[in-house]
$ cat coords-v5.txt   # compact mmCIF, C-alpha atoms and all ligand atoms
# COMPACT_ATOMS: atom_id res chain seq x y z
CA MET A 1 21.00 16.13 -11.52
CA LEU A 2 18.32 15.60 -8.89
CA GLU A 3 16.03 18.39 -10.06
CA ASN A 4 12.41 17.66 -9.02
CA LYS A 5 13.29 14.27 -7.56
CA LYS A 6 11.51 13.46 -4.33
CA ILE A 7 13.78 11.67 -1.91
CA VAL A 8 12.68 10.29 1.44
CA LEU A 9 15.72 10.22 3.74
CA GLY A 10 15.34 7.70 6.57
CA VAL A 11 17.60 8.39 9.54
CA THR A 12 18.03 5.65 12.15
CA GLY A 13 19.68 5.73 15.56
CA GLY A 14 23.43 5.51 15.13
CA ILE A 15 26.20 7.97 15.89
CA ALA A 16 26.64 8.55 12.14
CA ALA A 17 23.19 10.24 12.16
CA TYR A 18 25.02 13.57 12.38
CA LYS A 19 26.35 12.97 8.84
CA SER A 20 22.77 12.71 7.56
CA VAL A 21 22.42 16.45 8.02
CA GLU A 22 25.08 17.00 5.37
CA ILE A 23 23.51 14.32 3.18
CA ALA A 24 20.14 16.13 3.36
CA SER A 25 21.83 19.43 2.58
CA ARG A 26 23.76 18.04 -0.41
CA LEU A 27 20.68 16.33 -1.81
CA LYS A 28 18.78 19.59 -1.56
CA LYS A 29 21.61 21.54 -3.21
CA ALA A 30 21.56 19.01 -6.07
CA GLY A 31 17.90 19.96 -6.64
CA ALA A 32 16.03 17.23 -4.76
CA GLU A 33 12.97 17.70 -2.57
CA VAL A 34 13.97 15.96 0.66
CA HIS A 35 11.56 14.56 3.24
CA VAL A 36 13.13 13.17 6.39
CA VAL A 37 11.70 10.31 8.42
CA MET A 38 13.48 9.73 11.74
CA THR A 39 13.32 6.85 14.16
CA ARG A 40 13.07 7.54 17.90
CA GLY A 41 16.64 6.26 18.23
CA ALA A 42 17.89 8.85 15.72
CA GLU A 43 16.34 11.64 17.79
CA ASN A 44 18.75 10.78 20.59
CA PHE A 45 21.58 11.90 18.32
CA ILE A 46 20.05 14.79 16.40
CA THR A 47 16.85 16.83 16.50
CA PRO A 48 14.06 16.91 13.91
CA LEU A 49 14.37 20.69 13.93
CA THR A 50 17.81 20.53 12.30
CA PHE A 51 16.42 18.57 9.35
CA ARG A 52 13.35 20.77 9.10
CA GLU A 53 15.52 23.87 8.79
CA ILE A 54 17.73 22.26 6.16
CA THR A 55 15.07 20.62 4.01
CA GLY A 56 12.26 23.14 4.42
CA HIS A 57 9.82 20.32 5.16
CA SER A 58 8.41 19.00 8.39
CA VAL A 59 10.06 15.88 9.72
CA THR A 60 8.07 12.73 10.33
CA ASP A 61 8.96 10.70 13.37
CA THR A 62 5.75 9.13 14.63
CA MET A 63 2.66 7.40 13.37
CA TRP A 64 0.51 8.97 16.06
CA ALA A 65 0.92 12.75 15.74
CA ASP A 66 -2.12 14.95 15.30
CA VAL A 67 -1.57 16.48 11.84
CA PRO A 68 -3.19 19.74 10.66
CA GLU A 69 -4.42 18.22 7.40
CA TYR A 70 -5.64 14.64 7.27
CA ASN A 71 -3.73 12.28 5.03
CA VAL A 72 -2.41 8.82 5.74
CA GLU A 73 1.13 10.00 6.06
CA HIS A 74 3.15 6.81 5.68
CA ILE A 75 1.21 5.99 2.50
CA ALA A 76 1.56 9.54 1.17
CA LEU A 77 5.34 9.46 1.67
CA ALA A 78 5.60 5.94 0.24
CA LYS A 79 3.72 6.95 -2.92
CA MET A 80 5.43 10.26 -3.40
CA ALA A 81 9.03 8.97 -3.12
CA ASP A 82 11.16 8.61 -6.24
CA LEU A 83 13.76 7.00 -4.02
CA VAL A 84 14.15 6.13 -0.35
CA LEU A 85 17.62 6.48 1.15
CA ILE A 86 18.33 5.16 4.63
CA ALA A 87 21.55 6.60 6.01
CA PRO A 88 22.71 5.51 8.47
CA ALA A 89 20.97 2.14 8.59
CA THR A 90 21.54 0.44 11.96
CA ALA A 91 21.72 -3.34 12.48
CA ASN A 92 18.41 -3.21 14.35
CA PHE A 93 16.67 -1.32 11.55
CA ILE A 94 18.07 -3.71 8.92
CA ALA A 95 16.86 -6.73 10.93
CA LYS A 96 13.36 -5.25 11.25
CA ALA A 97 13.17 -4.36 7.57
CA ALA A 98 14.36 -7.84 6.55
CA CYS A 99 11.51 -9.36 8.57
CA GLY A 100 8.91 -6.97 7.18
CA MET A 101 8.15 -5.46 10.59
CA ALA A 102 6.24 -2.19 10.69
CA ASP A 103 6.54 -0.80 14.22
CA ASP A 104 7.42 2.80 13.42
CA MET A 105 6.95 5.35 10.67
CA LEU A 106 10.06 4.38 8.68
CA THR A 107 9.51 0.61 8.57
CA THR A 108 5.79 1.07 7.90
CA MET A 109 6.44 3.48 5.04
CA LEU A 110 8.98 1.07 3.54
CA LEU A 111 6.44 -1.72 3.37
CA ALA A 112 4.16 0.51 1.35
CA THR A 113 6.61 1.93 -1.17
CA ASP A 114 7.57 0.63 -4.58
CA ALA A 115 10.33 3.21 -5.00
CA PRO A 116 13.94 1.98 -5.13
CA VAL A 117 15.42 1.70 -1.64
CA VAL A 118 19.07 2.40 -0.90
CA MET A 119 20.55 1.67 2.52
CA ALA A 120 23.91 2.69 3.93
CA PRO A 121 24.66 0.45 6.92
CA ALA A 122 26.86 1.97 9.65
CA MET A 123 27.82 0.13 12.82
CA ASN A 124 30.64 -1.56 14.71
CA THR A 125 32.66 -4.03 12.60
CA ALA A 126 31.64 -7.15 14.55
CA MET A 127 27.97 -6.16 14.28
CA TYR A 128 28.29 -5.58 10.53
CA GLU A 129 30.15 -8.83 9.95
CA ASN A 130 27.86 -10.84 12.22
CA PRO A 131 26.28 -13.58 10.06
CA VAL A 132 22.77 -12.51 11.08
CA THR A 133 23.35 -8.92 9.88
CA GLN A 134 24.93 -10.19 6.68
CA GLU A 135 22.00 -12.55 6.12
CA ASN A 136 19.53 -9.70 6.66
CA ILE A 137 21.41 -7.47 4.21
CA ARG A 138 21.50 -10.26 1.62
CA LYS A 139 17.74 -10.77 2.06
CA LEU A 140 17.04 -7.10 1.40
CA VAL A 141 19.47 -6.93 -1.54
CA SER A 142 17.88 -10.02 -3.09
CA ARG A 143 14.55 -8.17 -2.93
CA GLY A 144 16.04 -5.29 -4.90
CA TRP A 145 17.41 -3.00 -2.16
CA ILE A 146 20.74 -1.41 -2.96
CA GLU A 147 23.48 -1.45 -0.35
CA ILE A 148 26.05 1.32 -0.16
CA ARG A 149 28.77 -0.60 1.62
CA PRO A 150 30.31 0.90 4.75
CA ALA A 151 33.82 2.30 4.61
CA SER A 152 36.77 1.22 6.77
CA GLY A 153 38.41 3.43 9.37
CA ASN A 154 38.16 4.55 12.99
CA LEU A 155 34.79 3.82 14.56
CA ALA A 156 33.00 5.67 17.34
CA CYS A 157 33.37 2.63 19.60
CA GLY A 158 37.14 3.15 19.62
CA SER A 159 38.01 0.26 17.34
CA SER A 160 38.99 0.40 13.70
CA GLY A 161 37.55 -1.59 10.81
CA VAL A 162 34.69 -1.75 8.34
CA GLY A 163 31.46 -0.08 9.47
CA ARG A 164 31.85 3.67 8.94
CA LEU A 165 29.17 5.53 7.04
CA PRO A 166 30.81 6.69 3.78
CA GLU A 167 31.28 10.44 3.41
CA PRO A 168 28.08 12.35 2.53
CA ASN A 169 29.41 13.39 -0.90
CA GLN A 170 30.03 9.71 -1.79
CA ILE A 171 26.50 8.75 -0.76
CA VAL A 172 24.99 11.59 -2.76
CA ASP A 173 27.16 10.64 -5.78
CA GLU A 174 25.78 7.08 -5.61
CA VAL A 175 22.21 8.41 -5.47
CA GLN A 176 22.85 10.64 -8.49
CA GLU A 177 24.30 7.67 -10.36
CA LEU A 178 21.01 5.78 -9.84
CA PHE A 179 19.01 8.56 -11.44
CA LYS A 180 21.19 8.67 -14.56
CA GLU A 181 19.03 7.63 -17.43
CA ARG A 182 20.60 4.61 -19.04
CA THR A 183 19.68 3.90 -22.61
CA SER A 184 23.01 2.81 -24.05
CA LEU A 185 21.72 -0.72 -24.79
CA SER A 186 18.11 0.10 -25.52
CA GLY A 187 16.66 -1.95 -28.35
CA ARG A 188 19.47 -4.52 -28.07
CA HIS A 189 18.78 -8.16 -27.24
CA VAL A 190 21.31 -9.44 -24.73
CA LEU A 191 21.49 -13.16 -24.03
CA VAL A 192 23.24 -14.10 -20.78
CA THR A 193 23.96 -17.56 -19.39
CA ALA A 194 24.66 -18.03 -15.70
CA ALA A 195 25.35 -20.58 -12.94
CA GLY A 196 26.51 -24.16 -13.41
CA THR A 197 24.73 -26.90 -15.27
CA ILE A 198 24.00 -30.18 -13.47
CA GLU A 199 24.18 -33.57 -15.15
CA PRO A 200 22.12 -36.41 -13.66
CA ILE A 201 23.62 -39.77 -12.69
CA ASP A 202 20.48 -41.36 -11.26
CA PRO A 203 17.15 -39.95 -9.97
CA VAL A 204 18.80 -38.49 -6.84
CA ARG A 205 22.38 -37.65 -7.81
CA TYR A 206 24.12 -35.40 -10.26
CA ILE A 207 27.51 -34.01 -11.32
CA GLY A 208 27.71 -30.29 -10.65
CA ASN A 209 30.13 -27.46 -9.96
CA ARG A 210 30.53 -24.60 -7.49
CA SER A 211 29.15 -21.77 -9.64
CA SER A 212 26.51 -19.67 -7.81
CA GLY A 213 25.34 -17.60 -10.78
CA LYS A 214 26.32 -14.27 -9.14
CA MET A 215 28.45 -13.06 -12.07
CA GLY A 216 25.90 -13.84 -14.79
CA TYR A 217 22.99 -12.45 -12.76
CA ALA A 218 24.94 -9.21 -12.17
CA VAL A 219 25.56 -8.90 -15.94
CA ALA A 220 21.87 -9.55 -16.72
CA LEU A 221 20.75 -6.93 -14.16
CA GLU A 222 23.19 -4.32 -15.46
CA ALA A 223 22.22 -4.95 -19.11
CA ALA A 224 18.55 -4.47 -18.16
CA ARG A 225 19.45 -1.23 -16.34
CA ARG A 226 21.02 0.01 -19.59
CA GLY A 227 17.77 -0.57 -21.43
CA ALA A 228 18.48 -3.95 -23.11
CA ILE A 229 15.95 -6.71 -23.65
CA VAL A 230 17.59 -9.44 -21.61
CA SER A 231 17.15 -13.21 -21.76
CA LEU A 232 18.84 -14.97 -18.87
CA ILE A 233 19.39 -18.71 -19.25
CA SER A 234 20.31 -20.03 -15.83
CA GLY A 235 21.40 -23.30 -14.32
CA PRO A 236 20.15 -24.00 -10.78
CA SER A 237 20.81 -20.95 -8.57
CA ALA A 238 19.41 -19.67 -5.29
CA LEU A 239 19.37 -16.11 -6.66
CA PRO A 240 16.02 -14.43 -7.43
CA ASP A 241 15.19 -13.24 -10.96
CA PRO A 242 17.11 -9.97 -11.54
CA ILE A 243 14.87 -6.90 -11.76
CA GLY A 244 14.05 -5.70 -15.27
CA VAL A 245 15.17 -8.85 -17.09
CA SER A 246 12.64 -9.77 -19.79
CA GLU A 247 12.83 -13.55 -19.41
CA VAL A 248 14.55 -15.98 -17.07
CA VAL A 249 14.75 -19.53 -18.37
CA ARG A 250 15.78 -21.98 -15.67
CA ILE A 251 17.41 -25.14 -17.04
CA GLU A 252 19.44 -27.96 -15.50
CA SER A 253 21.72 -29.75 -17.98
CA ALA A 254 24.15 -28.51 -20.63
CA LYS A 255 21.88 -29.98 -23.31
CA GLU A 256 18.91 -27.94 -22.01
CA MET A 257 21.10 -24.82 -21.85
CA ARG A 258 22.23 -25.39 -25.42
CA ASP A 259 18.64 -25.70 -26.68
CA ALA A 260 17.50 -22.56 -24.83
CA VAL A 261 20.49 -20.57 -26.14
CA MET A 262 20.16 -21.80 -29.75
CA ASP A 263 16.45 -20.91 -29.79
CA ARG A 264 17.35 -17.30 -29.08
CA PHE A 265 20.72 -16.85 -30.81
CA ASP A 266 19.47 -15.44 -34.11
CA SER A 267 17.70 -12.52 -32.47
CA ALA A 268 20.54 -11.79 -30.03
CA ASP A 269 22.90 -8.85 -30.58
CA ILE A 270 25.16 -9.74 -27.67
CA VAL A 271 25.75 -13.09 -25.97
CA ILE A 272 27.59 -13.26 -22.66
CA LYS A 273 28.34 -16.81 -21.56
CA ALA A 274 29.09 -16.59 -17.86
CA ALA A 275 27.73 -20.09 -17.15
CA ALA A 276 29.99 -22.86 -15.89
CA VAL A 277 28.83 -25.53 -18.30
CA ALA A 278 29.65 -29.12 -17.31
CA ASP A 279 32.01 -30.58 -19.90
CA TYR A 280 30.67 -34.14 -19.54
CA HIS A 281 27.44 -35.97 -18.72
CA ALA A 282 26.88 -39.56 -17.64
CA LYS A 283 26.57 -41.75 -20.73
CA ASN A 284 23.85 -43.87 -19.11
CA VAL A 285 21.61 -42.27 -16.50
CA SER A 286 20.39 -45.00 -14.16
CA GLU A 287 16.61 -45.28 -14.02
CA HIS A 288 16.77 -46.17 -10.32
CA LYS A 289 18.93 -45.00 -7.45
CA ILE A 290 22.36 -46.65 -7.73
CA LYS A 291 22.97 -48.96 -4.73
CA LYS A 292 26.33 -49.16 -3.02
CA ASP A 293 26.70 -52.89 -3.67
CA ASP A 294 30.26 -52.67 -4.95
CA ASP A 295 33.42 -51.13 -3.51
CA THR A 296 34.03 -49.09 -6.63
CA LEU A 297 31.72 -47.48 -9.10
CA THR A 298 32.67 -46.63 -12.65
CA LEU A 299 30.79 -43.92 -14.44
CA VAL A 300 31.27 -43.50 -18.15
CA LEU A 301 31.10 -39.83 -19.10
CA GLU A 302 30.42 -38.45 -22.53
CA LYS A 303 31.34 -34.96 -23.80
CA ASN A 304 28.68 -32.26 -23.69
CA PRO A 305 28.13 -29.92 -26.61
CA ASP A 306 30.42 -26.88 -26.39
CA ILE A 307 27.72 -24.23 -26.66
CA LEU A 308 30.08 -21.30 -27.04
CA MET A 309 32.09 -23.02 -29.76
CA GLU A 310 28.87 -23.69 -31.67
CA LEU A 311 27.83 -20.05 -31.30
CA GLY A 312 31.29 -18.94 -32.48
CA LYS A 313 30.80 -20.93 -35.70
CA LYS A 314 27.33 -19.47 -36.34
CA LYS A 315 28.16 -15.91 -35.29
CA ARG A 316 27.26 -13.10 -37.72
CA ASN A 317 29.56 -10.07 -38.06
CA ASP A 318 27.12 -7.85 -36.24
CA GLN A 319 26.87 -10.15 -33.20
CA ILE A 320 29.14 -9.93 -30.15
CA LEU A 321 30.22 -13.04 -28.30
CA VAL A 322 31.78 -12.89 -24.84
CA GLY A 323 33.10 -15.93 -22.98
CA PHE A 324 34.57 -16.60 -19.57
CA ALA A 325 37.65 -18.66 -18.78
CA ALA A 326 37.97 -19.95 -15.25
CA GLU A 327 41.47 -21.34 -14.90
CA THR A 328 43.78 -22.58 -12.17
CA ARG A 329 47.05 -22.16 -14.12
CA ASN A 330 48.44 -20.67 -17.38
CA LEU A 331 45.62 -18.14 -17.26
CA LEU A 332 46.51 -15.91 -20.20
CA GLU A 333 47.63 -18.71 -22.48
CA TYR A 334 44.50 -20.82 -21.95
CA ALA A 335 42.17 -17.82 -22.12
CA ARG A 336 43.69 -16.55 -25.39
CA HIS A 337 43.40 -20.04 -26.85
CA LYS A 338 39.67 -20.16 -25.94
CA LEU A 339 39.10 -16.68 -27.38
CA GLU A 340 40.50 -17.78 -30.72
CA LYS A 341 39.13 -21.32 -30.82
CA LYS A 342 35.60 -20.18 -29.99
CA ASN A 343 35.72 -17.06 -32.23
CA LEU A 344 34.96 -14.63 -29.38
CA ASP A 345 35.11 -10.84 -29.33
CA LEU A 346 36.18 -10.74 -25.68
CA ILE A 347 37.03 -13.20 -22.95
CA VAL A 348 36.93 -12.61 -19.20
CA ALA A 349 39.76 -14.60 -17.64
CA ASN A 350 40.02 -15.37 -13.97
CA ASP A 351 42.30 -17.47 -11.85
CA VAL A 352 39.80 -19.19 -9.55
CA THR A 353 42.49 -20.18 -7.05
CA ARG A 354 42.96 -16.51 -5.97
CA ARG A 355 41.17 -15.30 -2.84
CA GLY A 356 38.29 -13.02 -3.82
CA ALA A 357 38.01 -14.50 -7.31
CA GLY A 358 35.81 -17.07 -8.96
CA PHE A 359 32.97 -19.23 -7.74
CA ASN A 360 30.43 -18.31 -5.08
CA THR A 361 32.08 -15.04 -3.99
CA ASP A 362 30.70 -11.50 -4.23
CA THR A 363 33.94 -10.29 -5.79
CA ASN A 364 36.09 -11.29 -8.71
CA ILE A 365 39.61 -10.56 -10.01
CA VAL A 366 39.73 -10.74 -13.79
CA ARG A 367 41.46 -9.71 -16.97
CA PHE A 368 39.69 -8.78 -20.18
CA LEU A 369 41.37 -10.18 -23.28
CA GLY A 370 40.32 -8.58 -26.54
CA ARG A 371 40.30 -9.85 -30.10
CA ASP A 372 42.91 -7.20 -30.94
CA GLY A 373 45.43 -8.72 -28.51
CA SER A 374 44.64 -6.25 -25.72
CA VAL A 375 44.83 -7.33 -22.07
CA GLU A 376 43.17 -5.25 -19.37
CA GLU A 377 44.06 -6.27 -15.82
CA LEU A 378 41.48 -5.28 -13.20
CA PRO A 379 41.78 -5.18 -9.41
CA MET A 380 39.49 -7.17 -7.10
CA MET A 381 35.99 -5.69 -7.29
CA LEU A 382 32.35 -6.52 -6.64
CA LYS A 383 30.77 -8.59 -9.39
CA SER A 384 28.13 -5.86 -9.79
CA LYS A 385 30.85 -3.32 -10.61
CA LEU A 386 32.63 -5.76 -12.90
CA ALA A 387 29.36 -6.32 -14.78
CA GLY A 388 29.28 -2.57 -15.50
CA LEU A 389 32.88 -2.49 -16.77
CA LEU A 390 32.29 -5.56 -18.93
CA LEU A 391 29.24 -3.96 -20.54
CA ASP A 392 31.23 -0.73 -21.09
CA ARG A 393 33.74 -2.79 -23.12
CA VAL A 394 30.93 -4.57 -25.00
CA GLU A 395 29.41 -1.19 -25.88
CA GLU A 396 32.79 -0.05 -27.24
CA ILE A 397 32.98 -3.15 -29.46
CA LEU A 398 29.40 -2.54 -30.58
CA GLU A 399 30.30 1.03 -31.48
CA LYS A 400 33.32 -0.12 -33.53
CA LYS A 401 31.23 -2.73 -35.36
CA ASN A 402 28.53 -0.18 -36.16
CA HIS A 403 31.17 2.18 -37.45
CA ALA A 404 32.66 -0.54 -39.67
CA ASP A 405 29.19 -1.35 -41.06
CA TYR A 406 28.61 2.32 -41.71
CA LYS A 407 31.85 2.54 -43.65
CA LYS A 408 30.96 -0.54 -45.69
CA VAL A 409 27.67 1.04 -46.79
CA HIS A 410 28.84 4.62 -47.31
CA ILE A 411 32.39 4.47 -48.67
N1 LIG B 1 31.27 -23.27 -22.45
C1 LIG B 1 30.17 -23.65 -23.18
N2 LIG B 1 29.87 -24.97 -23.33
C2 LIG B 1 30.64 -25.92 -22.77
C3 LIG B 1 31.77 -25.55 -22.01
C4 LIG B 1 32.07 -24.21 -21.86
O1 LIG B 1 29.48 -22.77 -23.69
N3 LIG B 1 30.32 -27.19 -22.91
C5 LIG B 1 31.60 -21.83 -22.33
C6 LIG B 1 31.52 -21.28 -20.90
O2 LIG B 1 30.24 -20.74 -20.66
C7 LIG B 1 32.61 -20.22 -20.90
C8 LIG B 1 33.63 -20.72 -21.92
O3 LIG B 1 32.94 -21.67 -22.72
O4 LIG B 1 32.13 -18.97 -21.35
C9 LIG B 1 34.85 -21.36 -21.33
O5 LIG B 1 34.47 -22.36 -20.43
P1 LIG B 1 35.55 -23.21 -19.63
O6 LIG B 1 34.86 -24.24 -18.82
O7 LIG B 1 36.52 -22.28 -18.96
O8 LIG B 1 36.39 -23.87 -20.81
P2 LIG B 1 36.21 -25.16 -21.67
O9 LIG B 1 36.00 -24.72 -23.09
O10 LIG B 1 35.18 -26.06 -21.09
O11 LIG B 1 37.67 -25.78 -21.58
P3 LIG B 1 38.38 -26.55 -20.35
O12 LIG B 1 37.27 -27.09 -19.45
O13 LIG B 1 39.18 -27.59 -21.03
O14 LIG B 1 39.21 -25.51 -19.66
$ encode --input "coords-v5.txt" --output "C-alpha cells" --more "lines below"
Ligand code: CTP
Amino acid sequence: MLENKKIVLGVTGGIAAYKSVEIASRLKKAGAEVHVVMTRGAENFITPLTFREITGHSVTDTMWADVPEYNVEHIALAKMADLVLIAPATANFIAKAACGMADDMLTTMLLATDAPVVMAPAMNTAMYENPVTQENIRKLVSRGWIEIRPASGNLACGSSGVGRLPEPNQIVDEVQELFKERTSLSGRHVLVTAAGTIEPIDPVRYIGNRSSGKMGYAVALEAARRGAIVSLISGPSALPDPIGVSEVVRIESAKEMRDAVMDRFDSADIVIKAAAVADYHAKNVSEHKIKKDDDTLTLVLEKNPDILMELGKKKRNDQILVGFAAETRNLLEYARHKLEKKNLDLIVANDVTRRGAGFNTDTNIVRFLGRDGSVEELPMMLKSKLAGLLLDRVEEILEKKNHADYKKVHI
C-alpha cells in the first residue's frame, strides 16, 4: 500500500517514543521509505541508532551537524515528504507547532513542507484535556493537520484516562487509509449547505441559532476527498474553508442561501442540506438600532422559503437530495414526515437533546432514514467519520439510480 511513499516520521519526547520504533518498522514493511526526525527530548527515551537500523536511513536530530554532502536538510526533507507523521506528539511540540515556532529540526521542517501532516498526541489526560492543548490542536486541525486521537487506558504517570498513543498497527492503518486513492465521486457536482442562517432585526441585531457548521463542513471536505466538485454554501461560521472544496459561498440569511442554492441546483448531482435554516425572518427590518423605550417589544416574523422543499419539487430522477432533521422529540415520526414531504432520498435524523449530538459538538448521534423505509441507527461518532458513512450511503443510492437508468435504456 505504501510502496514508494516517502514518509517523514517525527518523534518527540514522550514515553510513548518507544512505540515509534514499531511504527517505523511497520511503515517500512508496508513499502514506505521512512526518514526519522527526532527532537532532543525524544533522544532521552530512545536512540537515533535504533531508528537508523530499522529504516536504513540516517536520523536527523539537529540543524547544526556537519553533513558529508551539502544540502539544506530541513528543506530537502520538507520537499521530499509525501506525508509527515508525528508520533508521539507531545503537548510542548503541539504548542510550538501551533505558534509556528522553528527552534529545532522538526518544527523548522514542518514550516517548510506542504505535505499532509498527521499528528498522534500522547500525554497525561489532564495535559491533553487542558484547554490550551485543545486550542492548539484545533488550530493545527483547522490548518489541515490530521489528528489521530489518543486512546484511553493506563498511562505511564500511573493514572488512567485518555492520552495513550494508539497501537502502532492502528496508526499505520490510518496512514494507509490516507493514501487510498479516492475517486468514487469524481466528476460529480456535490452541493452542500452548512451552518445556521441569520436574519437581521436592525443594523446590530439578528435572529440566529446554535449551528457551528461542523457537520456540513465535514461532508464538504469528505466529498472533495472522494474527487467531487464541491460547492459549499455556508451561513456564518468560524471554520476555515475546507481543503479541496471548489467554491465556498458565504451567505447570511435564508433568502441569500436560497438564491445561492437555486443558482447551482441544475448542475448538481447530489445536494446535502446540513444547514440549520431559520424558519422565519423579521417582517420589517428596522433601519436604525431599536431603542429600549418600551417594556415589551413585539417582532412580527414572516416565514422563510423552505429551500429543501423547493428543491424536492424541482428534483430530477438522477439527482439525490439529502436533508437533516434536528428534533427534540418524536424523532423518527418527524424525520420520516420531512423525508416524504420534501421528496428526499435520505434524511439524517438526530435528537439534539442527547449529549454528544447536535449543534456545536465534534460528535453526533444520528439515524439514517431511507426512502425505502430503512432505518440505520448509528452510535456516537466524530462528525468527520459520520460524513464518510453518509457519503457511502449516497454513493449506494447513486449506484442504484445509475443501474435503474441503465435498465431503462437497455431493456
Ligand atoms: N430547510 C430548508 N429551508 C428551510 C428550513 C429547513 O432547506 N427554510 C432544510 C434544512 O436544511 C434541513 C431540513 O430542511 O435539511 C429540515 O430542517 P428542520 O429545521 O429540521 O425542519 P423544518 O422543515 O424547518 O421543520 P420544523 O422547523 O417545523 O421542524
$ residues_near_ligand --input "coords-v5.txt" --ligand "ligand LIG 1 (chain B)" --cutoff "8 Å" --atoms "only C-alpha atoms and all ligand atoms" --output "MDAnalysis selection string"
chainID A and resid 193:194 254 258 272:280 303:309 322:327 334:335 338 342 347
$ atom_distance --input "coords-v5.txt" --atom1 "CA of Ser142 in chain A" --atom2 "CA of Glu33 in chain A"
28.2 Å
$ closest_residue --input "coords-v5.txt" --among "A:Ala122, A:Leu111, A:Asn92, A:Asn169" --to "Arg26 in chain A" --atoms "all atoms listed in the file"
A:Asn169
$ atom_distance --input "coords-v5.txt" --atom1 "CA of Thr55 in chain A" --atom2 "CA of Ile7 in chain A"
10.8 Å
$ residues_around --input "coords-v5.txt" --residues "range 293-298 of chain A" --least-positions-apart "6" --cutoff "12 Å" --atoms "only C-alpha atoms" --output "PDB file with C-alpha atoms, keeping the file's coordinate frame"
ATOM      1  CA  ILE A 201      23.620 -39.770 -12.690  1.00  0.00           C
ATOM      2  CA  ALA A 282      26.880 -39.560 -17.640  1.00  0.00           C
ATOM      3  CA  LYS A 283      26.570 -41.750 -20.730  1.00  0.00           C
ATOM      4  CA  ASN A 284      23.850 -43.870 -19.110  1.00  0.00           C
TER       5      ASN A 284
END
$ residues_around --input "coords-v5.txt" --residues "Met109 in chain A" --least-positions-apart "5" --cutoff "10 Å" --atoms "only C-alpha atoms" --output "ChimeraX atom specification"
/A:8,10,37,63,73-79,84,102,104
$ closest_residue --input "coords-v5.txt" --among "A:Thr361, A:Ile270, A:Glu340, A:Ala387" --to "Gly373 in chain A" --atoms "all atoms listed in the file"
A:Glu340
$ atom_distance --input "coords-v5.txt" --atom1 "CA of Val249 in chain A" --atom2 "CA of Thr197 in chain A"
12.8 Å
$ residues_around --input "coords-v5.txt" --residues "range 156-161 of chain A" --least-positions-apart "3" --cutoff "9 Å" --atoms "all atoms listed in the file" --output "list in words"
Ile15, Ala16, Met123, Asn124, Thr125, Ala126, Ala151, Ser152, Gly153 and Arg164 of chain A
$ residues_around --input "coords-v5.txt" --residues "Ser286 in chain A" --least-positions-apart "6" --cutoff "9 Å" --atoms "all atoms listed in the file" --output "number ranges by chain"
A: 200-203
$ residues_around --input "coords-v5.txt" --residues "Gly196 in chain A" --least-positions-apart "5" --cutoff "10 Å" --atoms "only C-alpha atoms" --output "list in words"
Gly208, Asn209, Arg210, Ser211, Ser212, Gly213, Ser234, Gly235, Pro236, Ser237, Ile251, Glu252, Ser253, Ala254, Ala274, Ala275, Ala276, Val277, Ala278 and Phe359 of chain A
$ closest_residue --input "coords-v5.txt" --among "A:Glu181, A:Glu3, A:Glu396, A:Asp269" --to "Gly227 in chain A" --atoms "only C-alpha atoms"
A:Glu181
$ decode --input "coords-v5.txt" --residues "range 294-305 of chain A" --atoms "N, CA and C atoms" --output "mmCIF file, in the first residue's frame"
data_model
loop_
_atom_site.group_PDB
_atom_site.id
_atom_site.type_symbol
_atom_site.label_atom_id
_atom_site.label_comp_id
_atom_site.auth_asym_id
_atom_site.auth_seq_id
_atom_site.Cartn_x
_atom_site.Cartn_y
_atom_site.Cartn_z
ATOM 1 N N ASP A 294 -39.617 50.931 25.285
ATOM 2 C CA ASP A 294 -40.797 50.295 25.868
ATOM 3 C C ASP A 294 -40.413 49.061 26.677
ATOM 4 N N ASP A 295 -41.326 48.637 27.565
ATOM 5 C CA ASP A 295 -41.056 47.454 28.384
ATOM 6 C C ASP A 295 -41.135 46.167 27.579
ATOM 7 N N THR A 296 -41.924 46.165 26.544
ATOM 8 C CA THR A 296 -42.011 44.972 25.699
ATOM 9 C C THR A 296 -41.754 45.370 24.250
ATOM 10 N N LEU A 297 -41.338 44.390 23.507
ATOM 11 C CA LEU A 297 -41.061 44.645 22.089
ATOM 12 C C LEU A 297 -41.724 43.529 21.292
ATOM 13 N N THR A 298 -42.493 43.864 20.315
ATOM 14 C CA THR A 298 -43.141 42.835 19.504
ATOM 15 C C THR A 298 -42.491 42.815 18.128
ATOM 16 N N LEU A 299 -42.024 41.650 17.777
ATOM 17 C CA LEU A 299 -41.460 41.496 16.428
ATOM 18 C C LEU A 299 -42.436 40.676 15.609
ATOM 19 N N VAL A 300 -42.721 41.100 14.430
ATOM 20 C CA VAL A 300 -43.575 40.277 13.571
ATOM 21 C C VAL A 300 -42.650 39.485 12.648
ATOM 22 N N LEU A 301 -42.798 38.157 12.691
ATOM 23 C CA LEU A 301 -41.934 37.304 11.872
ATOM 24 C C LEU A 301 -42.723 36.722 10.707
ATOM 25 N N GLU A 302 -42.010 36.574 9.619
ATOM 26 C CA GLU A 302 -42.645 36.058 8.404
ATOM 27 C C GLU A 302 -41.899 34.796 7.994
ATOM 28 N N LYS A 303 -42.584 33.813 7.425
ATOM 29 C CA LYS A 303 -41.949 32.541 7.068
ATOM 30 C C LYS A 303 -40.867 32.720 6.005
ATOM 31 N N ASN A 304 -39.776 31.997 6.164
ATOM 32 C CA ASN A 304 -38.735 31.969 5.130
ATOM 33 C C ASN A 304 -39.090 30.944 4.065
ATOM 34 N N PRO A 305 -38.475 31.036 2.904
ATOM 35 C CA PRO A 305 -38.703 29.959 1.921
ATOM 36 C C PRO A 305 -38.149 28.653 2.475
#
